[in-house]
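Asker: For reference, the structure I am asking about is given below.
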Amino acid sequence: AGHCMVVLGLLLFLVAGALAQEAQLVRTTLTGRQGGFVSLRCDVAGVTWYKDVRGKLVDVKASRNSRYIVTRDGTMYISRLRDSDAGVYTCKQSDTPLKEITVAMAARPTISISPSDVTVKVGGLVHLPCEGAGDPKPSIEWRVGRSVLRNIPTIPDDMSEEEILNYSGDNYLMTERGHLYIRDVTAGFSAQYICMATNDGGSSWATARVLVLDPPKISSPPVDTNSLDADIIGMACRANGNPRPKITWRLETFEGVTIDEPENHPSGRYQTDTYRTLRIRFPLPSDSGKYTCIATNAGGVAEASAILQVLITPQFRVPPKDAWVPFGGSALFSCTVFGSPTPLVEWFKDNQYLPFSNNYEIQHVTRPGEVQERLVFRAVQFEDTGFYECRGSNLAGTSRHEFSLAVTDATPFPGDRFVSDALEYAQQFVGSAIRETEIILRARFNAPNFNPTPQDLFHMVRQPTRQALYMAMSAEVFEHAMDFIHQQIEALNVTSMERNNQPLGSLLSPEAIDHLEDLSGCHARKRKPQCQMRCQLMSFRSHDGTCNNVKNPTWGSSLYKINRFLPAIYENTYNTPRGWGRSLPSARLISQRLIRTHTTKQHSQFSVLMMHFGQFIDHDLAQTVTGPSETTFAPFLSVRCEQTCTNTMPCFPIEIATNDSRIDASCMPFVRSAAVCGTGDTSVFGKETRVREQLNQVTSFLDASTVYGSADEEMETLRDRSANKGQLRVGQESGTPGKHFLPVEDNLIPEELESERRCIGRAATVFLDCFIAGDRRVTEQPGLTTLHTLFMRQHNEIAYKLAEVNPQWNDDRIYEEARKIVGGIMQHITFNEYLPKVLGVEGMRAIGDYEGYNSDTDPSLLNEFATAAFRFGHTLIPPTLFRRGENYDKFQLGDMPLHNSFFTPYRLLDEGGVDPIIRGMIMQNLKLPDGKLTDSVTERLFHVVAQVALDLAAINIQRGRDHAIPTYNDMRQVCGLRRALNFHDLQSEIRNATTRQTLSELYKSVDEIDLWVGGLEEDIVEGGLVGPTFRCIIAEQFKRVRDGDRFWFETDKHFTQEQIRQIKKVTMAKIFCDSGDKIQKVPEDVFLYNPDAHKYTQCKDLPKFDYSAFMDCGEKCDHREKHNGKGKKDNLNEMCYEEGSRVKADERRLEGAWPT
């Protein structure tokens, strides 16, 4: 019991002590305001402060909040107060609580009356009410943006509006309650106003926007403008006002046409910039008129006008032509002159005004901007012989055109009298169709809201050069002139003839035919290259391929006719396509039922580089010139080929079945290839009828024309002469020092070579300049662009190294020697790495070993090769193009769907350069050549948003029919296979019974099967990628290309044996290493599929190219063969002009070899 009493006493003592301590604890309350501070005093040094957080005391130091500061005397300061700082704080010393302070936050004021947005005219009164509520009562402050309105006079709350307006003082007044008045406002008072209500609890605010309407005022009106032959005319206009006025335009032409907002006109020729200057591209006389600048805002409208007069120097649209007319015959000279203002036409003879005579009359027709006058002789007399002149004059100047009239004795050639009219007719309608095509395309491609159709993109792929366009146009003019003469003779019942049975040479004199050829431009095709004047061509190939063969200098050259393996099978025997008038299965139907596939099978042995490199060398060998116009030549009924389903030259549309799975249209547009002058319709007046032939726009040689171009003009565009180091132009740097992208078109293309090409940016409506290279199709797809980039870099690296070992060489010499080496490398890779995998052992045996140059071998392109056999590569196209990262792993931006990758330079510029694509080529299987094309090219070729894509398979079939390519059965017989009598006879080469059955359902006869279709469906040969028929054609073409090339790299005329050994060291793998950005390792044969990157060869371990073999050291070369033979000069000028005796001997030899 005593023990219990002791314990009880101790407990009572402790409780009493605690109660005493609790009684000593001091409790106070402090009130703080937002953003302010409070001080919590404990008056004892060395204390610790705690905050009650959900019933638990937490040391404030543990929060490490810089706003909490405890001084040595125990006082704690809390700065920049927030709502979260409210609570109970306790200071303790040795766990003994000394003081408890409650911190409360003052209440934030509220805005009881808020201002509203105000719109007012200049000079008006603005009232912005604002009042605050709170305890204590808040004060009101106004701000404009970040600036405080200070020293605003205070007025009574009950002051009337009239009193406010008459109150002396500033613009700003504020009532006692805080309302803001702004008097006599100008546009400068437009702003956001902020009302701030503030008390100890903080601040609250409300905003209102004041918009002062200042009606537009034209500050810089447009000025009257006379413009002469300008490409762009600008009409400037500036206006002030608030809000900023919107400027639009109105055009009232002198022809009485009013165009509101011409900047939105569908032609796309009218554009406005940021400052709303109206720019007129390619101005026409019809653009002359009154241009009104209209400035509009919420405050009103202002207008100002100016007159634009487009001055165009008189030009001859249809000038009169020389004429030979028999005595007593009629003659008509038409002179059509256009210009602005409308020209005055006058006639002269022998430099004198044409005297009055009853023997002629002048017929006059005037249209806006154009005058057509005809000088008509009813019965010419000998005294009418002379030189005449048609002269057109206006304010812009005067133009003259001279022509002659020769009166001859009666002629036995009745067609001669129609020559002048025929040329006028042909030039008018062909020229009109071509101009319409150019104007439509130029306006469409330059429109700010340009949205390309698949036909637009297809046009970019096939667009001819200016020289090719001229040659194609000449053929059309000649053809239409001949047609006109034929019609006139028949109409006059001069004779009755059948074109297919009787040539019309007897109806035109040789002089008249020569005259027609000369004025139409067909004579240009017959001019012989002057090889004997170009001794440089003995050492280096020309860019256009001429003079490679000195006996036949046009063989293999660009803009030369495409040859044939077998005779053409035109429907009318000389120029109309197969299927023009008789029934053949639709090319689109064949594509859908036989060739299209949604699934792809992978080749286990080859990489997708086989497809990319095949396209690259195909573009080096072939590009058929398309027709010069995409508009029909029918007089007064011309329509775009994409708008007609009728076979009307040059349109040959592809029929679409009514149940087509994708295309809801009757046809797919197709434009025929251009004809060679003197073939087809253009030949029926000669001594013999020649079938229509096509033009190859590039050289037929394997000469790296994809890198350097097929014409001197293209070469000059691509060369960089600034450093005198034989370099090619480059674009922006890739990110790796010294490695550049290809140049872009921008300002590099001369105006006469300007193309209508725009490439696609990352957004579907953003367009970029396309890359340029030796071939215009460079940007067609990223893999092709990558190969172009690599070979451009390869040239520049070789040129740089050659300049190092031959410092005495000049710019041209370095360029030509590097070009020769790059051409040799391409030939070596093609024949030793690529072709064996295409043709197999038997195919390479058909080509045979190289036995030297054969001047009797024509290397020119074969139509069966270009239009059918080598298009087997389209079956290799995958639906997706792989990209891989630095270690051949997954690339962060992923793979590229093919249909979204056409004409997309940004895939290289913005998405990692060439390396991801190179690695993708290596790591991706080749698509198995199973006779099928992926639907990326049959259903989505050049696919763009909201447009119907083209079908590559259907286009290939239609192109073969356009060129009258012999049928599959004809060609298989030539290639050593048995001619099929029925579809069952195809089983040895086409083992798939379903394929043979489908062929029999599509074609009425086995003799109708198109060559491309039949060859594509053949079973592939062992070790190759094609069937026996295509193997036969491809082997024959490449054999001719090799044996008929005087500059083939394995000849002993242009490289030494040591140099040839160096060239053969260069493989495609080495090009990847040397010319990629940062490629470190590759398979030794990159054409073979090898997915195991661990087994790749390091680039540094590949054979090195020894440039010392190309050192030109003259007589000092005792330790190696001399480069290109003894005594070769250092520079091209010395080579050509200082070695007089050798050059003269070469010229004599060339002249002796020249055909008469």
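Going by the structure tokens order, chains are called A, B, ..., each with residues numbered from 1, while ligands are numbered from 1 in the order shown.
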Please report, as an NGL selection string, each residue of segment 33-175 of chain A to which DSSP assigns alpha helix (DSSP H) when run on this structure's backbone.
Answerer: :A and (161-166)
Asker: Could the residues in this selection be written to a file with all heavy atoms, as a PDB file, in the first residue's frame?
Answerer:
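Dumped to out07.pdb:
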```pdb
ATOM      1  N   GLU A 161     -22.990  63.161 -68.266  1.00  0.00           N
ATOM      2  CA  GLU A 161     -22.112  62.930 -69.410  1.00  0.00           C
ATOM      3  C   GLU A 161     -21.690  64.236 -70.058  1.00  0.00           C
ATOM      4  O   GLU A 161     -20.539  64.411 -70.467  1.00  0.00           O
ATOM      5  CB  GLU A 161     -22.801  62.017 -70.431  1.00  0.00           C
ATOM      6  CG  GLU A 161     -21.922  61.619 -71.611  1.00  0.00           C
ATOM      7  CD  GLU A 161     -22.597  60.623 -72.526  1.00  0.00           C
ATOM      8  OE1 GLU A 161     -23.087  59.577 -72.001  1.00  0.00           O
ATOM      9  OE2 GLU A 161     -22.635  60.876 -73.741  1.00  0.00           O
ATOM     10  N   GLU A 162     -22.615  65.208 -70.141  1.00  0.00           N
ATOM     11  CA  GLU A 162     -22.291  66.506 -70.728  1.00  0.00           C
ATOM     12  C   GLU A 162     -21.235  67.216 -69.905  1.00  0.00           C
ATOM     13  O   GLU A 162     -20.303  67.831 -70.429  1.00  0.00           O
ATOM     14  CB  GLU A 162     -23.555  67.343 -70.846  1.00  0.00           C
ATOM     15  CG  GLU A 162     -23.316  68.697 -71.514  1.00  0.00           C
ATOM     16  CD  GLU A 162     -24.609  69.502 -71.657  1.00  0.00           C
ATOM     17  OE1 GLU A 162     -25.686  68.947 -71.317  1.00  0.00           O
ATOM     18  OE2 GLU A 162     -24.517  70.650 -72.085  1.00  0.00           O
ATOM     19  N   GLU A 163     -21.386  67.122 -68.559  1.00  0.00           N
ATOM     20  CA  GLU A 163     -20.407  67.756 -67.680  1.00  0.00           C
ATOM     21  C   GLU A 163     -19.040  67.090 -67.816  1.00  0.00           C
ATOM     22  O   GLU A 163     -18.002  67.752 -67.774  1.00  0.00           O
ATOM     23  CB  GLU A 163     -20.895  67.688 -66.226  1.00  0.00           C
ATOM     24  CG  GLU A 163     -22.111  68.557 -65.945  1.00  0.00           C
ATOM     25  CD  GLU A 163     -22.644  68.348 -64.539  1.00  0.00           C
ATOM     26  OE1 GLU A 163     -22.620  67.190 -64.047  1.00  0.00           O
ATOM     27  OE2 GLU A 163     -23.073  69.344 -63.929  1.00  0.00           O
ATOM     28  N   ILE A 164     -19.069  65.795 -68.003  1.00  0.00           N
ATOM     29  CA  ILE A 164     -17.792  65.076 -68.165  1.00  0.00           C
ATOM     30  C   ILE A 164     -17.095  65.526 -69.439  1.00  0.00           C
ATOM     31  O   ILE A 164     -15.880  65.766 -69.451  1.00  0.00           O
ATOM     32  CB  ILE A 164     -18.046  63.566 -68.171  1.00  0.00           C
ATOM     33  CG1 ILE A 164     -18.513  63.096 -66.785  1.00  0.00           C
ATOM     34  CG2 ILE A 164     -16.804  62.798 -68.607  1.00  0.00           C
ATOM     35  CD1 ILE A 164     -18.954  61.658 -66.722  1.00  0.00           C
ATOM     36  N   LEU A 165     -17.868  65.675 -70.531  1.00  0.00           N
ATOM     37  CA  LEU A 165     -17.273  66.077 -71.802  1.00  0.00           C
ATOM     38  C   LEU A 165     -16.688  67.482 -71.715  1.00  0.00           C
ATOM     39  O   LEU A 165     -15.672  67.786 -72.371  1.00  0.00           O
ATOM     40  CB  LEU A 165     -18.312  66.004 -72.922  1.00  0.00           C
ATOM     41  CG  LEU A 165     -18.753  64.598 -73.333  1.00  0.00           C
ATOM     42  CD1 LEU A 165     -19.895  64.677 -74.334  1.00  0.00           C
ATOM     43  CD2 LEU A 165     -17.563  63.836 -73.942  1.00  0.00           C
ATOM     44  N   ASN A 166     -17.326  68.366 -70.914  1.00  0.00           N
ATOM     45  CA  ASN A 166     -16.871  69.752 -70.808  1.00  0.00           C
ATOM     46  C   ASN A 166     -15.872  69.956 -69.686  1.00  0.00           C
ATOM     47  O   ASN A 166     -15.381  71.073 -69.479  1.00  0.00           O
ATOM     48  CB  ASN A 166     -18.076  70.680 -70.597  1.00  0.00           C
ATOM     49  CG  ASN A 166     -18.992  70.682 -71.809  1.00  0.00           C
ATOM     50  OD1 ASN A 166     -18.525  70.591 -72.949  1.00  0.00           O
ATOM     51  ND2 ASN A 166     -20.303  70.794 -71.568  1.00  0.00           N
TER      52      ASN A 166
END
```
Asker: Write out as a list of chain:residue names each polymer residue whose atoms come within 12 Å of Ala723 of chain A, counting only C-alpha atoms; drop sequence neighbours fewer than 4 positions from it.
Answerer: A:Arg719, A:Gln727, A:Leu728, A:Arg729, A:Asn796, A:Ala799, A:Tyr800, A:Ala803, A:Asn810, A:Asp811, A:Asp812, A:Ile814, A:Tyr815
Asker: Those selected residues, please, written with all heavy atoms and delivered as a short mmCIF file (atom, residue, chain, number, x, y, z; two decimals), in the first residue's frame.
Answerer:
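Listed below is the output, result34.cif:
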```
data_model
loop_
_atom_site.label_atom_id
_atom_site.label_comp_id
_atom_site.auth_asym_id
_atom_site.auth_seq_id
_atom_site.Cartn_x
_atom_site.Cartn_y
_atom_site.Cartn_z
N ARG A 719 27.51 22.20 -113.34
CA ARG A 719 28.92 22.37 -112.99
C ARG A 719 29.13 23.57 -112.07
O ARG A 719 28.47 24.59 -112.17
CB ARG A 719 29.78 22.53 -114.25
CG ARG A 719 30.05 21.22 -114.96
CD ARG A 719 31.06 21.39 -116.07
NE ARG A 719 32.36 21.79 -115.57
CZ ARG A 719 33.45 21.92 -116.34
NH1 ARG A 719 33.36 21.67 -117.65
NH2 ARG A 719 34.60 22.29 -115.83
N GLN A 727 34.48 20.56 -110.16
CA GLN A 727 33.43 20.10 -109.26
C GLN A 727 32.03 20.28 -109.86
O GLN A 727 31.81 21.07 -110.78
CB GLN A 727 33.49 20.89 -107.95
CG GLN A 727 34.80 20.75 -107.19
CD GLN A 727 34.89 19.46 -106.42
OE1 GLN A 727 34.05 19.16 -105.59
NE2 GLN A 727 35.92 18.68 -106.69
N LEU A 728 31.09 19.51 -109.31
CA LEU A 728 29.67 19.70 -109.58
C LEU A 728 29.06 20.58 -108.48
O LEU A 728 29.56 20.60 -107.36
CB LEU A 728 28.94 18.36 -109.61
CG LEU A 728 29.30 17.40 -110.76
CD1 LEU A 728 28.62 16.05 -110.55
CD2 LEU A 728 28.90 17.98 -112.10
N ARG A 729 28.00 21.27 -108.84
CA ARG A 729 27.30 22.09 -107.84
C ARG A 729 26.76 21.21 -106.72
O ARG A 729 26.39 20.06 -106.95
CB ARG A 729 26.13 22.83 -108.47
CG ARG A 729 26.50 23.97 -109.41
CD ARG A 729 25.22 24.67 -109.86
NE ARG A 729 25.44 25.63 -110.91
CZ ARG A 729 25.71 26.91 -110.70
NH1 ARG A 729 25.80 27.35 -109.46
NH2 ARG A 729 25.90 27.74 -111.71
N ASN A 796 32.72 14.55 -107.06
CA ASN A 796 33.46 15.65 -106.44
C ASN A 796 34.67 15.15 -105.66
O ASN A 796 35.71 15.81 -105.65
CB ASN A 796 32.53 16.46 -105.53
CG ASN A 796 31.61 17.38 -106.31
OD1 ASN A 796 31.81 17.59 -107.51
ND2 ASN A 796 30.61 17.93 -105.66
N ALA A 799 37.25 14.21 -108.35
CA ALA A 799 37.81 15.43 -108.93
C ALA A 799 38.80 16.08 -107.97
O ALA A 799 39.86 16.56 -108.37
CB ALA A 799 36.69 16.41 -109.28
N TYR A 800 38.47 16.09 -106.68
CA TYR A 800 39.36 16.68 -105.68
C TYR A 800 40.69 15.92 -105.62
O TYR A 800 41.77 16.54 -105.60
CB TYR A 800 38.67 16.64 -104.32
CG TYR A 800 39.51 17.15 -103.18
CD1 TYR A 800 39.64 18.52 -102.95
CD2 TYR A 800 40.16 16.27 -102.32
CE1 TYR A 800 40.43 19.00 -101.90
CE2 TYR A 800 40.94 16.74 -101.27
CZ TYR A 800 41.07 18.10 -101.07
OH TYR A 800 41.84 18.56 -100.03
N ALA A 803 42.82 16.52 -108.77
CA ALA A 803 43.46 17.83 -108.74
C ALA A 803 44.69 17.81 -107.83
O ALA A 803 45.66 18.53 -108.09
CB ALA A 803 42.47 18.88 -108.26
N ASN A 810 43.65 21.90 -115.61
CA ASN A 810 42.69 22.98 -115.41
C ASN A 810 41.31 22.42 -115.08
O ASN A 810 41.12 21.20 -114.98
CB ASN A 810 42.64 23.92 -116.63
CG ASN A 810 42.05 23.23 -117.86
OD1 ASN A 810 41.63 22.08 -117.82
ND2 ASN A 810 42.02 23.95 -118.97
N ASP A 811 40.36 23.32 -114.91
CA ASP A 811 39.01 22.94 -114.46
C ASP A 811 38.36 21.94 -115.40
O ASP A 811 37.81 20.91 -114.95
CB ASP A 811 38.16 24.22 -114.36
CG ASP A 811 36.74 23.94 -113.88
OD1 ASP A 811 36.58 23.30 -112.84
OD2 ASP A 811 35.80 24.37 -114.56
N ASP A 812 38.40 22.20 -116.71
CA ASP A 812 37.75 21.30 -117.67
C ASP A 812 38.39 19.93 -117.68
O ASP A 812 37.71 18.90 -117.76
CB ASP A 812 37.81 21.91 -119.08
CG ASP A 812 36.85 23.07 -119.24
OD1 ASP A 812 35.86 23.13 -118.48
OD2 ASP A 812 37.08 23.92 -120.11
N ILE A 814 40.06 18.40 -115.26
CA ILE A 814 39.71 17.66 -114.03
C ILE A 814 38.29 17.12 -114.13
O ILE A 814 38.02 15.95 -113.81
CB ILE A 814 39.85 18.57 -112.80
CG1 ILE A 814 41.30 19.03 -112.62
CG2 ILE A 814 39.38 17.85 -111.54
CD1 ILE A 814 41.45 20.14 -111.59
N TYR A 815 37.38 17.98 -114.57
CA TYR A 815 35.97 17.58 -114.68
C TYR A 815 35.83 16.38 -115.62
O TYR A 815 35.17 15.39 -115.29
CB TYR A 815 35.14 18.75 -115.18
CG TYR A 815 33.74 18.37 -115.62
CD1 TYR A 815 32.72 18.17 -114.69
CD2 TYR A 815 33.44 18.21 -116.97
CE1 TYR A 815 31.45 17.82 -115.09
CE2 TYR A 815 32.17 17.85 -117.38
CZ TYR A 815 31.18 17.66 -116.44
OH TYR A 815 29.92 17.29 -116.85
#
```
Asker: Pick from A:Gln623, A:Ile362, A:Asp416, A:Glu479: nearest to Pro464 of chain A, with only C-alpha atoms counted?
Answerer: A:Gln623
Asker: With only C-alpha atoms as the counted atoms, please give the residues lying no more than 10 Å from segment 904-909 of chain A, apart from itself and same-chain residues fewer than 5 positions off, as a PyMOL selection string.
Answerer: chain A and resi 732-735+741-742+744+758-762+767-771+778-783+785-786+896+914-917
